[in-house]
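Engineer: What follows is entry-v7.cif, made up of mmCIF, C-alpha atoms:
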data_query
#
loop_
_atom_site.label_atom_id
_atom_site.label_comp_id
_atom_site.auth_asym_id
_atom_site.auth_seq_id
_atom_site.Cartn_x
_atom_site.Cartn_y
_atom_site.Cartn_z
CA MET A 1 46.08 -2.88 -160.36
CA ASN A 2 43.28 -5.15 -159.49
CA ASN A 3 40.00 -3.32 -159.89
CA GLU A 4 37.96 -6.19 -158.52
CA VAL A 5 37.62 -5.76 -154.80
CA THR A 6 36.06 -8.66 -153.06
CA SER A 7 34.87 -9.03 -149.53
CA GLN A 8 37.52 -10.08 -147.07
CA ARG A 9 35.16 -12.57 -145.50
CA SER A 10 32.07 -14.35 -146.43
CA ARG A 11 29.29 -13.05 -144.23
CA THR A 12 25.98 -14.67 -144.74
CA ASP A 13 22.90 -15.11 -142.66
CA GLY A 14 23.06 -18.85 -143.04
CA SER A 15 23.41 -20.66 -139.77
CA ALA A 16 26.16 -22.98 -140.97
CA SER A 17 28.70 -20.16 -141.04
CA LEU A 18 27.82 -19.14 -137.51
CA CYS A 19 29.04 -22.19 -135.71
CA PRO A 20 32.29 -23.53 -136.99
CA ASP A 21 33.03 -25.49 -133.84
CA VAL A 22 29.93 -27.68 -133.71
CA PRO A 23 28.61 -30.35 -136.06
CA VAL A 24 26.77 -29.07 -139.11
CA ASN A 25 23.54 -30.92 -138.38
CA SER A 26 23.24 -29.22 -135.01
CA CYS A 27 23.35 -25.86 -136.79
CA LEU A 28 20.29 -26.71 -138.82
CA VAL A 29 18.08 -25.78 -135.90
CA SER A 30 17.76 -22.02 -135.63
CA ASP A 31 18.85 -20.18 -132.52
CA GLU A 32 15.31 -18.97 -131.96
CA LEU A 33 13.96 -22.51 -132.00
CA LEU A 34 16.64 -23.59 -129.55
CA LEU A 35 15.68 -20.71 -127.29
CA GLU A 36 12.04 -21.76 -127.42
CA ARG A 37 13.02 -25.33 -126.58
CA TRP A 38 15.30 -24.20 -123.78
CA GLU A 39 12.53 -22.13 -122.26
CA ALA A 40 10.27 -25.16 -122.42
CA GLY A 41 12.81 -26.98 -120.28
CA ASP A 42 15.02 -28.70 -122.86
CA ALA A 43 18.50 -28.63 -121.33
CA GLN A 44 20.06 -30.00 -124.51
CA ALA A 45 18.84 -26.98 -126.42
CA PHE A 46 20.83 -24.79 -124.09
CA GLU A 47 23.92 -26.96 -124.50
CA GLN A 48 23.61 -26.67 -128.27
CA LEU A 49 23.10 -22.94 -128.20
CA PHE A 50 25.93 -22.44 -125.76
CA SER A 51 28.43 -24.52 -127.69
CA ARG A 52 27.40 -22.77 -130.89
CA HIS A 53 28.25 -19.28 -129.67
CA ARG A 54 30.55 -19.59 -126.69
CA GLU A 55 33.81 -19.42 -128.67
CA ALA A 56 32.96 -16.18 -130.46
CA ALA A 57 31.65 -14.63 -127.25
CA TYR A 58 34.79 -15.66 -125.40
CA ARG A 59 37.12 -14.30 -128.08
CA VAL A 60 35.33 -10.95 -128.15
CA ALA A 61 35.44 -10.69 -124.37
CA TRP A 62 39.06 -11.76 -124.25
CA ARG A 63 40.07 -9.13 -126.79
CA LEU A 64 38.42 -6.47 -124.71
CA LEU A 65 39.74 -7.67 -121.35
CA GLY A 66 42.98 -9.43 -122.15
CA ASN A 67 42.68 -12.28 -119.69
CA GLU A 68 40.82 -15.55 -119.43
CA ALA A 69 39.14 -15.20 -116.04
CA ASP A 70 37.56 -11.83 -116.81
CA ALA A 71 36.60 -12.98 -120.30
CA LEU A 72 34.80 -16.01 -118.87
CA ASP A 73 33.01 -13.75 -116.41
CA ALA A 74 31.88 -11.53 -119.27
CA VAL A 75 30.68 -14.54 -121.28
CA GLN A 76 28.75 -15.83 -118.29
CA GLU A 77 27.16 -12.47 -117.61
CA GLY A 78 26.36 -11.94 -121.28
CA PHE A 79 24.71 -15.33 -121.70
CA ILE A 80 22.66 -14.87 -118.55
CA LYS A 81 21.45 -11.45 -119.65
CA VAL A 82 20.60 -12.60 -123.14
CA LEU A 83 18.86 -15.78 -122.04
CA THR A 84 16.76 -14.07 -119.41
CA HIS A 85 15.74 -11.23 -121.72
CA TRP A 86 15.73 -12.89 -125.09
CA ARG A 87 12.03 -12.26 -125.68
CA GLN A 88 12.71 -8.53 -125.67
CA PHE A 89 15.05 -8.64 -128.64
CA ARG A 90 13.32 -11.34 -130.67
CA GLY A 91 13.02 -10.29 -134.26
CA LEU A 92 15.27 -7.26 -133.93
CA CYS A 93 18.45 -9.01 -135.01
CA ARG A 94 20.16 -12.37 -135.00
CA PHE A 95 20.75 -14.02 -131.66
CA ARG A 96 24.49 -14.11 -132.22
CA THR A 97 24.61 -10.40 -133.05
CA TRP A 98 22.75 -9.52 -129.89
CA LEU A 99 24.76 -11.90 -127.76
CA LEU A 100 28.06 -10.44 -128.95
CA ARG A 101 26.82 -6.96 -128.28
CA VAL A 102 25.76 -7.85 -124.73
CA VAL A 103 29.00 -9.72 -124.06
CA CYS A 104 30.85 -6.69 -125.37
CA HIS A 105 29.01 -4.40 -122.95
CA CYS A 106 29.62 -6.79 -120.07
CA ALA A 107 33.30 -6.98 -120.94
CA LEU A 108 33.61 -3.20 -121.08
CA ASP A 109 31.88 -2.93 -117.70
CA ILE A 110 34.15 -5.53 -116.17
CA GLY A 111 37.15 -3.78 -117.70
CA ARG A 112 36.12 -0.46 -116.18
CA ASN A 113 35.66 -2.08 -112.76
CA ARG A 114 39.02 -3.80 -112.95
CA GLN A 115 40.68 -0.56 -113.92
CA ARG A 116 39.13 1.15 -110.93
CA GLN A 117 40.28 -1.65 -108.64
CA ARG A 118 43.79 -1.61 -110.06
CA ARG A 119 44.05 2.11 -109.46
CA GLN A 120 43.38 1.44 -105.81
CA GLU A 121 45.58 -1.58 -105.23
CA PRO A 122 49.28 -1.23 -104.36
CA TRP A 123 51.86 -1.37 -107.13
CA SER A 124 53.43 -4.51 -105.71
CA ASP A 125 50.20 -6.45 -106.35
CA VAL A 126 50.00 -5.20 -109.91
CA ALA A 127 53.62 -6.10 -110.56
CA GLU A 128 53.04 -9.52 -109.09
CA ARG A 129 50.05 -10.14 -111.35
CA HIS A 130 51.84 -8.94 -114.49
CA GLY A 131 55.13 -10.44 -113.52
CA GLY A 132 56.59 -10.65 -117.00
CA PRO A 133 56.20 -13.15 -119.80
CA PRO A 134 55.81 -16.81 -118.97
CA ALA A 135 58.77 -19.11 -119.31
CA GLY A 136 58.77 -21.27 -122.41
CA HIS A 137 59.92 -21.56 -126.00
CA THR A 138 61.03 -18.52 -127.95
CA ALA A 139 58.14 -18.82 -130.36
CA GLU A 140 55.70 -18.87 -127.49
CA LEU A 141 57.40 -15.88 -125.94
CA GLU A 142 57.17 -14.01 -129.22
CA VAL A 143 53.48 -14.75 -129.50
CA GLU A 144 52.98 -13.73 -125.91
CA GLU A 145 54.85 -10.48 -126.49
CA LEU A 146 52.81 -9.84 -129.61
CA ARG A 147 49.65 -10.56 -127.68
CA GLN A 148 50.61 -8.13 -124.95
CA ARG A 149 51.45 -5.42 -127.44
CA LEU A 150 48.16 -5.90 -129.22
CA ASN A 151 46.23 -5.93 -125.97
CA GLN A 152 47.96 -2.76 -124.80
CA ALA A 153 47.28 -1.06 -128.11
CA LEU A 154 43.64 -2.12 -127.98
CA ALA A 155 43.34 -0.83 -124.43
CA LEU A 156 44.54 2.57 -125.58
CA LEU A 157 41.85 2.88 -128.23
CA PRO A 158 38.74 4.88 -127.36
CA GLU A 159 36.10 2.52 -126.04
CA ARG A 160 33.73 2.88 -128.99
CA GLN A 161 36.44 2.33 -131.56
CA ARG A 162 37.71 -0.68 -129.62
CA GLN A 163 34.23 -2.15 -129.40
CA THR A 164 33.61 -1.62 -133.11
CA LEU A 165 36.96 -3.13 -134.10
CA VAL A 166 36.54 -6.19 -131.89
CA LEU A 167 32.98 -6.79 -133.05
CA TYR A 168 34.16 -6.59 -136.65
CA VAL A 169 37.44 -8.47 -136.52
CA GLU A 170 36.75 -10.97 -133.75
CA GLY A 171 32.97 -11.14 -133.69
CA GLY A 172 32.71 -11.31 -137.45
CA LEU A 173 29.78 -8.91 -137.57
CA THR A 174 29.09 -6.85 -140.67
CA TYR A 175 29.07 -3.06 -140.69
CA ARG A 176 25.30 -3.20 -140.79
CA GLU A 177 25.07 -5.54 -137.82
CA ILE A 178 27.46 -3.44 -135.78
CA ALA A 179 25.41 -0.38 -136.67
CA GLU A 180 22.26 -2.16 -135.53
CA VAL A 181 23.57 -3.35 -132.20
CA THR A 182 25.41 -0.17 -131.31
CA GLY A 183 22.63 2.11 -132.48
CA VAL A 184 24.70 4.17 -134.91
CA SER A 185 24.75 4.61 -138.67
CA ILE A 186 26.84 2.51 -141.01
CA GLY A 187 28.83 5.67 -141.75
CA THR A 188 29.77 5.97 -138.09
CA VAL A 189 30.81 2.31 -137.96
CA MET A 190 32.90 2.89 -141.07
CA SER A 191 34.57 5.90 -139.53
CA ARG A 192 35.23 4.25 -136.15
CA LEU A 193 36.68 1.17 -137.77
CA PHE A 194 38.89 3.18 -140.06
CA HIS A 195 40.30 5.30 -137.24
CA ALA A 196 40.75 2.31 -134.96
CA ARG A 197 42.81 0.54 -137.60
CA GLN A 198 44.89 3.61 -138.32
CA LYS A 199 45.65 4.08 -134.61
CA LEU A 200 46.48 0.42 -134.24
CA ARG A 201 48.86 0.66 -137.16
CA ALA A 202 50.55 3.69 -135.63
CA MET A 203 50.76 2.21 -132.13
CA LEU A 204 52.05 -1.14 -133.25
CA ALA A 205 54.22 0.36 -135.97
CA LEU A 206 52.75 -2.22 -138.25
CA GLN A 207 54.74 -2.82 -141.36
CA VAL A 208 52.01 -2.91 -143.91
CA PRO A 209 53.34 -4.50 -147.05
CA ASP A 210 53.06 -2.49 -150.20
CA PRO A 211 50.32 -3.73 -152.45
CA MET B 1 33.46 12.01 -151.70
CA THR B 2 35.22 15.24 -152.38
CA SER B 3 38.21 16.31 -154.42
CA SER B 4 41.76 15.54 -153.33
CA SER B 5 42.34 18.23 -150.70
CA SER B 6 43.65 17.09 -147.30
CA SER B 7 40.20 17.22 -145.70
CA GLY B 8 38.77 15.49 -148.72
CA ASP B 9 41.40 12.84 -148.32
CA ALA B 10 40.44 12.34 -144.69
CA CYS B 11 36.81 11.95 -145.68
CA ARG B 12 37.60 9.70 -148.61
CA ARG B 13 39.82 7.16 -146.88
CA PRO B 14 37.16 5.64 -144.57
CA TRP B 15 34.97 5.12 -147.63
CA LEU B 16 37.79 3.46 -149.48
CA ALA B 17 38.58 1.28 -146.44
CA ALA B 18 34.93 0.24 -146.20
CA TYR B 19 34.98 -0.47 -149.92
CA ALA B 20 38.08 -2.63 -149.42
CA ASP B 21 36.20 -4.51 -146.70
CA GLY B 22 33.36 -5.12 -149.13
CA GLN B 23 30.95 -3.70 -146.57
CA LEU B 24 29.37 -0.78 -148.41
CA PRO B 25 25.71 -0.93 -149.33
CA GLU B 26 25.08 -1.07 -153.07
CA PRO B 27 24.45 2.64 -153.81
CA GLN B 28 27.55 3.71 -151.87
CA ARG B 29 29.62 0.99 -153.47
CA GLN B 30 28.62 2.21 -156.91
CA ARG B 31 29.53 5.78 -155.91
CA VAL B 32 32.98 4.70 -154.77
CA GLU B 33 33.50 2.74 -157.97
CA ARG B 34 32.52 5.78 -160.03
CA TRP B 35 35.01 7.81 -157.98
CA LEU B 36 37.75 5.23 -158.51
CA ALA B 37 37.04 5.18 -162.22
CA CYS B 38 37.71 8.94 -162.30
CA HIS B 39 40.61 8.79 -159.80
CA PRO B 40 42.52 5.58 -160.45
CA GLN B 41 45.38 6.75 -158.21
CA ASP B 42 43.08 6.06 -155.20
CA TRP B 43 43.21 2.36 -155.92
CA SER B 44 46.49 2.38 -154.02
CA VAL B 45 44.62 3.61 -150.95
CA VAL B 46 42.15 0.77 -151.34
CA GLU B 47 44.99 -1.71 -151.55
CA GLN B 48 46.73 -0.17 -148.53
CA GLU B 49 43.60 -0.45 -146.47
CA ARG B 50 43.11 -4.00 -147.53
CA ALA B 51 46.70 -4.84 -146.66
CA LEU B 52 46.29 -3.18 -143.26
CA THR B 53 43.18 -5.25 -142.61
CA ASP B 54 45.03 -8.40 -143.64
CA THR B 55 47.93 -7.58 -141.33
CA ILE B 56 45.62 -6.92 -138.40
CA GLN B 57 43.81 -10.16 -139.15
CA GLN B 58 47.11 -12.03 -139.12
CA TRP B 59 48.13 -10.47 -135.82
CA TRP B 60 44.72 -11.22 -134.51
CA ALA B 61 44.92 -14.86 -135.58
CA ALA B 62 48.44 -15.26 -134.22
CA THR B 63 47.49 -13.91 -130.84
CA ALA B 64 44.15 -15.68 -130.53
CA PRO B 65 43.56 -16.80 -126.97
CA SER B 66 43.65 -20.49 -126.29
CA PRO B 67 40.08 -21.56 -125.65
CA PRO B 68 39.03 -22.63 -122.18
CA THR B 69 39.10 -26.32 -121.41
CA ALA B 70 36.04 -28.54 -121.68
CA ALA B 71 35.78 -28.61 -117.91
CA GLN B 72 35.81 -24.81 -117.79
CA TRP B 73 33.09 -24.64 -120.43
CA GLN B 74 31.08 -27.22 -118.54
CA GLU B 75 31.39 -25.29 -115.32
CA LEU B 76 30.46 -22.07 -117.06
CA ALA B 77 27.42 -23.67 -118.70
CA GLN B 78 26.28 -24.97 -115.34
CA ARG B 79 26.68 -21.56 -113.72
CA ILE B 80 24.71 -19.92 -116.52
CA GLN B 81 21.91 -22.46 -116.25
CA ASP B 82 21.76 -22.09 -112.48
CA ALA B 83 21.66 -18.32 -112.71
CA CYS B 84 18.96 -18.43 -115.39
CA ALA B 85 16.88 -20.85 -113.32
CA LEU B 86 17.23 -18.56 -110.33
CA THR B 87 16.27 -15.53 -112.38
CA HIS B 88 13.27 -17.31 -113.85
CA ARG B 89 12.17 -18.40 -110.40
CA SER B 90 12.43 -14.90 -109.02
CA GLN B 91 10.66 -13.53 -112.09
CA ARG B 92 7.84 -16.01 -111.57
CA MET B 93 7.62 -15.08 -107.90
CA ALA B 94 7.58 -11.41 -108.78
CA GLN B 95 4.84 -12.09 -111.30
CA GLN B 96 2.84 -14.00 -108.73
CA SER B 97 3.20 -11.31 -106.12
CA ARG B 98 2.26 -8.72 -108.74
CA ARG B 99 -0.81 -10.77 -109.59
CA THR B 100 -1.69 -11.12 -105.90
CA SER B 101 -1.30 -7.39 -105.39
CA VAL B 102 -3.52 -6.68 -108.37
CA ARG B 103 -6.10 -9.11 -107.00
CA MET B 104 -5.99 -7.48 -103.57
CA VAL B 105 -6.31 -4.01 -105.03
CA ARG B 106 -9.22 -5.20 -107.13
CA ARG B 107 -10.93 -6.70 -104.09
CA ALA B 108 -10.33 -3.57 -102.06
CA LEU B 109 -11.83 -1.48 -104.85
CA ILE B 110 -14.88 -3.74 -105.00
CA ALA B 111 -15.27 -3.55 -101.21
CA ALA B 112 -14.89 0.22 -101.29
CA SER B 113 -17.47 0.45 -104.06
CA VAL B 114 -19.91 -1.71 -102.12
CA LEU B 115 -19.36 0.39 -99.00
CA LEU B 116 -19.86 3.56 -101.00
CA ILE B 117 -23.07 2.25 -102.49
CA ILE B 118 -24.34 1.16 -99.09
CA SER B 119 -23.39 4.48 -97.52
CA LEU B 120 -25.11 6.39 -100.28
CA GLY B 121 -28.21 4.28 -99.82
CA TRP B 122 -28.09 4.82 -96.07
CA LEU B 123 -27.65 8.54 -96.41
CA GLN B 124 -30.41 8.77 -98.95
CA PRO B 125 -33.21 9.24 -96.31
CA TRP B 126 -31.21 11.94 -94.54
CA ARG B 127 -30.58 13.69 -97.80
CA GLU B 128 -34.22 13.44 -98.68
CA ASN B 129 -35.06 14.92 -95.30
CA GLN B 130 -32.57 17.76 -95.72
CA VAL B 131 -33.30 18.68 -99.26
CA PRO B 132 -36.58 17.30 -100.40
CA GLY B 133 -36.41 16.80 -104.07
CA PRO B 134 -39.34 16.58 -106.36
CA ALA B 135 -39.44 12.80 -106.05
CA ALA B 136 -38.67 12.75 -102.33
CA GLU B 137 -41.19 11.42 -99.84
CA PRO B 138 -43.08 14.31 -98.18
CA ALA B 139 -42.06 14.97 -94.58
CA LEU B 140 -44.32 13.35 -92.06
CA ALA B 141 -46.59 15.68 -90.16
CA GLN B 142 -46.16 15.80 -86.45
CA GLN B 143 -48.31 13.19 -84.81
CA THR B 144 -49.37 13.63 -81.25
CA GLU B 145 -50.78 10.80 -79.32
CA THR B 146 -51.67 10.51 -75.69
CA LEU B 147 -49.77 7.81 -73.92
CA ASP B 148 -52.02 4.92 -73.36
CA PRO B 149 -50.92 3.23 -70.16
CA ALA B 150 -52.71 0.11 -71.22
CA GLY B 151 -50.46 -0.05 -74.25
CA LEU B 152 -47.36 -0.24 -72.07
CA ALA B 153 -48.32 -3.73 -70.96
CA LEU B 154 -46.36 -3.57 -67.76
CA THR B 155 -46.18 -6.64 -65.62
CA PRO B 156 -44.46 -7.07 -62.26
CA SER B 157 -41.13 -8.83 -62.24
CA ALA B 158 -41.38 -12.56 -61.65
CA THR B 159 -38.43 -12.51 -59.24
CA ASP B 160 -39.18 -9.66 -56.85
CA GLY B 161 -42.71 -8.79 -57.82
CA ARG B 162 -41.74 -5.19 -58.53
CA TRP B 163 -42.81 -3.22 -61.47
CA PRO B 164 -40.41 -2.71 -64.25
CA VAL B 165 -39.70 0.81 -65.24
CA ARG B 166 -40.50 2.14 -68.63
CA LEU B 167 -38.95 5.24 -70.08
CA PRO B 168 -39.50 8.12 -70.51
CA LEU B 169 -40.42 9.29 -67.11
CA ALA B 170 -43.18 11.79 -66.82
CA GLN B 171 -46.80 12.07 -65.91
CA ASP B 172 -48.86 10.55 -68.63
CA ASN B 173 -50.52 13.89 -69.33
CA GLU B 174 -47.22 15.61 -69.47
CA VAL B 175 -45.74 13.72 -72.36
CA ILE B 176 -46.50 13.49 -75.97
CA LEU B 177 -44.99 10.90 -78.18
CA GLU B 178 -43.90 11.81 -81.65
CA ARG B 179 -43.15 9.30 -84.24
CA VAL B 180 -39.75 9.74 -85.72
CA PRO B 181 -39.94 9.47 -89.47
CA HIS B 182 -38.24 6.44 -91.00
CA LEU B 183 -37.63 4.84 -87.64
CA GLY B 184 -40.36 2.32 -87.93
CA THR B 185 -42.51 2.29 -84.82
CA GLY B 186 -40.08 4.40 -82.80
CA TRP B 187 -41.26 7.26 -80.64
CA LEU B 188 -39.64 10.42 -79.45
CA PRO B 189 -41.03 11.46 -76.05
CA VAL B 190 -41.46 15.21 -75.69
CA GLY B 191 -42.58 16.79 -72.43
CA ARG B 192 -45.47 19.18 -72.16
CA PRO B 193 -45.36 22.26 -69.94
CA PRO B 194 -43.97 22.50 -67.40
CA CYS B 195 -41.66 19.72 -68.62
CA ASP B 196 -40.99 21.09 -72.11
CA GLY B 197 -38.49 19.47 -74.40
CA GLY B 198 -37.21 16.00 -75.06
CA MET B 199 -37.61 13.55 -72.26
CA PRO B 200 -34.41 12.00 -70.92
CA LEU B 201 -34.12 8.32 -71.40
CA LEU B 202 -32.86 6.52 -68.35
CA ARG B 203 -31.89 2.98 -67.62
CA SER B 204 -33.81 1.11 -64.96
CA ASP B 205 -30.81 1.12 -62.64
CA GLU B 206 -30.81 4.91 -62.73
CA ILE B 207 -34.30 5.06 -61.29
CA VAL B 208 -35.50 4.67 -57.77
CA VAL B 209 -38.93 3.19 -57.43
CA VAL B 210 -40.77 4.29 -54.34
CA TYR B 211 -43.69 2.11 -53.33
CA LEU B 212 -46.30 3.88 -51.31
CA VAL B 213 -48.14 2.06 -48.58
CA PRO B 214 -51.90 2.72 -48.62
CA ALA B 215 -53.17 4.67 -45.61
CA ALA B 216 -56.06 2.29 -45.04
CA PRO B 217 -57.03 -1.02 -46.52
CA ALA B 218 -60.07 0.54 -48.13
CA VAL B 219 -57.98 2.97 -50.00
CA ALA B 220 -56.80 1.76 -53.39
CA GLU B 221 -53.16 0.95 -53.64
CA PRO B 222 -51.34 4.14 -54.62
CA LEU B 223 -49.19 4.28 -57.66
CA PRO B 224 -45.49 3.85 -57.14
CA LEU B 225 -43.37 6.93 -57.49
CA LEU B 226 -40.47 6.75 -59.76
CA ALA B 227 -37.59 9.05 -59.08
CA ALA B 228 -34.81 9.50 -61.51
CA GLY B 229 -31.27 10.11 -60.42
CA GLU B 230 -31.36 13.74 -61.34
CA GLU B 231 -33.65 16.00 -59.44
CA ASP B 232 -35.05 17.80 -62.39
CA ALA B 233 -35.68 14.72 -64.40
CA ALA B 234 -39.24 14.19 -65.40
CA ILE B 235 -41.03 11.32 -63.81
CA LEU B 236 -43.55 9.20 -65.52
CA VAL B 237 -45.94 7.56 -63.19
CA VAL B 238 -47.31 4.49 -64.76
CA PRO B 239 -50.72 3.53 -63.45
CA ARG B 240 -51.29 -0.08 -62.70
CA ARG B 241 -53.86 -1.81 -64.70
#
Can the structure in the file be given as structure tokens, please?
Structural biologist:
Amino acid sequence: MNNEVTSQRSRTDGSASLCPDVPVNSCLVSDELLLERWEAGDAQAFEQLFSRHREAAYRVAWRLLGNEADALDAVQEGFIKVLTHWRQFRGLCRFRTWLLRVVCHCALDIGRNRQRQRRQEPWSDVAERHGGPPAGHTAELEVEELRQRLNQALALLPERQRQTLVLYVEGGLTYREIAEVTGVSIGTVMSRLFHARQKLRAMLALQVPDP
Amino acid sequence: MTSSSSSGDACRRPWLAAYADGQLPEPQRQRVERWLACHPQDWSVVEQERALTDTIQQWWAATAPSPPTAAQWQELAQRIQDACALTHRSQRMAQQSRRTSVRMVRRALIAASVLLIISLGWLQPWRENQVPGPAAEPALAQQTETLDPAGLALTPSATDGRWPVRLPLAQDNEVILERVPHLGTGWLPVGRPPCDGGMPLLRSDEIVVVYLVPAAPAVAEPLPLLAAGEEDAAILVVPRR
């Protein structure tokens, strides 16, 4: 048995690891500096900041909402909130951590609203919107089915566990960062994450390979 | 971490999962490692948790959403910038209106203070009159003066040649004039018996002037009679110079 347990991911505070989808040299400028520049009227600073974090924000929102349109709405709302109130959080945590937390909250709000709306709309409309898997190749259909199963399983998780799991797996935040942005202890994060994964395993009947 | 009862197991597993994630702070990590050194059978739990995390990660990666198109991102960026600009504008306007309100309140306070100070200064003589303090000016003694008709300096009107009317109306030996303290050269006419009390002040249009015709040319021109509108009003006959 291997007694050396290593981290599953490399999580550092270095900016280079935060923006895999933009050129390295653009990551050399800190988020805070970009925010300062943006506030001074530099539109390019916003572009840089946005392209640095939009993917992660979108993925987190998508995992919580399960569709593109709502996820984009959550990203938009999250960015607006963060950019208009960024002076209030400065120094408390990294920009990315705060952004993902806000996007997460926005996504959960949007999800709650959608749920309320769906409860009120007739079944025919719901059936029309979720009218079965899209036509295409078998592999695509399999992925789509997998995606739907995962989304359904995620939707059944308690909100806090879902938020914690998405922030960890999709947002790439550490236990400590999740604890900071959700205002709980690391122990609570640990517990929520553990239970979320166990439930997911049970709901998806995941075949976990024997070590 | 507790011994291997079922509740202990439930408590232990999250710790082992966190250890598998490599997310425990140093003291807790050392505790778990000490535990694992004593309970090597729990390494299987660690490996299970790690395998579960790997599986979830794989599912996660396989079902990752396709990212929005460049045009969608562009549109989103534009909407965010527009909304932020709008918010900043409204924040600035709110700040300005807040500043204006503060300025107005400050001005109102200053004006109120000035008014208060002026009112206090104005009331000061009255207060001194009511309650004379040690430093207050002593009340003026009543001054009685006989009306000097010469001092009235009456002259006939240039238009109709009639005499103007001066108030108060009474016989000159029936009125005393009292200076009112703190009213400069003002006088308060007070009647003597039988016209006791304050003399009414009338306007010239409330008075009828009766000119008497002398009985004979040798007789000196009589004084005009002044009659006020009210019967019991005192009449002051002003002798001509």
Engineer: Would you translate the PyMOL selection byres ((chain B) within 9 of (chain A)) into the concrete set of residues it matches in this file, as JSON, numbers by chain?
Structural biologist: {"B": [11, 13, 14, 15, 17, 18, 19, 20, 21, 22, 23, 24, 25, 36, 43, 44, 46, 47, 48, 49, 50, 51, 52, 53, 54, 55, 56, 57, 59, 60, 62, 63, 64, 65, 66, 67, 68, 72, 73, 76, 77, 79, 80, 81, 83, 84, 87, 88]}
Engineer: At a cut-off of 10 Å, using only C-alpha atoms, what residues contact A:Phe95? Leave out same-chain residues fewer than 5 positions from it and give the result as a ChimeraX atom specification.
Structural biologist: /A:30-32,35,49,53,82-83,86,89-90,100-101
Engineer: Tell me which residues the PyMOL selection byres ((chain A and resi 158) around 12) grabs here, as a ChimeraX atom specification.
Structural biologist: /A:64,108,153-157,159-165,192-193,195-197,199-200
Engineer: Mind pulling up the distance from atom CA of A:Gly41 to atom CA of B:Met93?
Structural biologist: 17.9 Å
Engineer: Find the residue from B:Ala61, B:Ser97, B:Val45, B:Leu16 that sits nearest to B:Val32; use all atoms listed in the file when measuring.
Structural biologist: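 Ranked by minimum distance to B:Val32, first place goes to B:Leu16.
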Engineer: Could you work out an axis-aligned box for stretch 41-56 of chain A, taking every atom the file lists and adding 5 Å on each side, and report centre and edge lengths in Å to one decimal, as lines of an AutoDock Vina configuration file?
Structural biologist:
center_x = 23.3
center_y = -23.1
center_z = -125.6
size_x = 31.0
size_y = 23.8
size_z = 20.6
Engineer: So the first atom is atom CA of A:Ser185 and the second is atom CA of A:Cys93; what is the distance between them in Å, to one decimal place?
Structural biologist: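 Those two atoms sit 15.4 Å apart.
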Engineer: Give me, please, the distance in Å between atom CA of A:Ala45 and atom CA of B:Asp82, quoted to one decimal.
Structural biologist: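 Calculated distance between atom CA of A:Ala45 and atom CA of B:Asp82 is 15.1 Å.
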Engineer: Pick the closest to A:Gly111 from A:Leu65, A:Ala74, A:Leu141, A:Ala179: which is it, counting all atoms listed in the file?
Structural biologist: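 Ranking A:Leu65, A:Ala74, A:Leu141, A:Ala179 by distance to A:Gly111, first place goes to A:Leu65.
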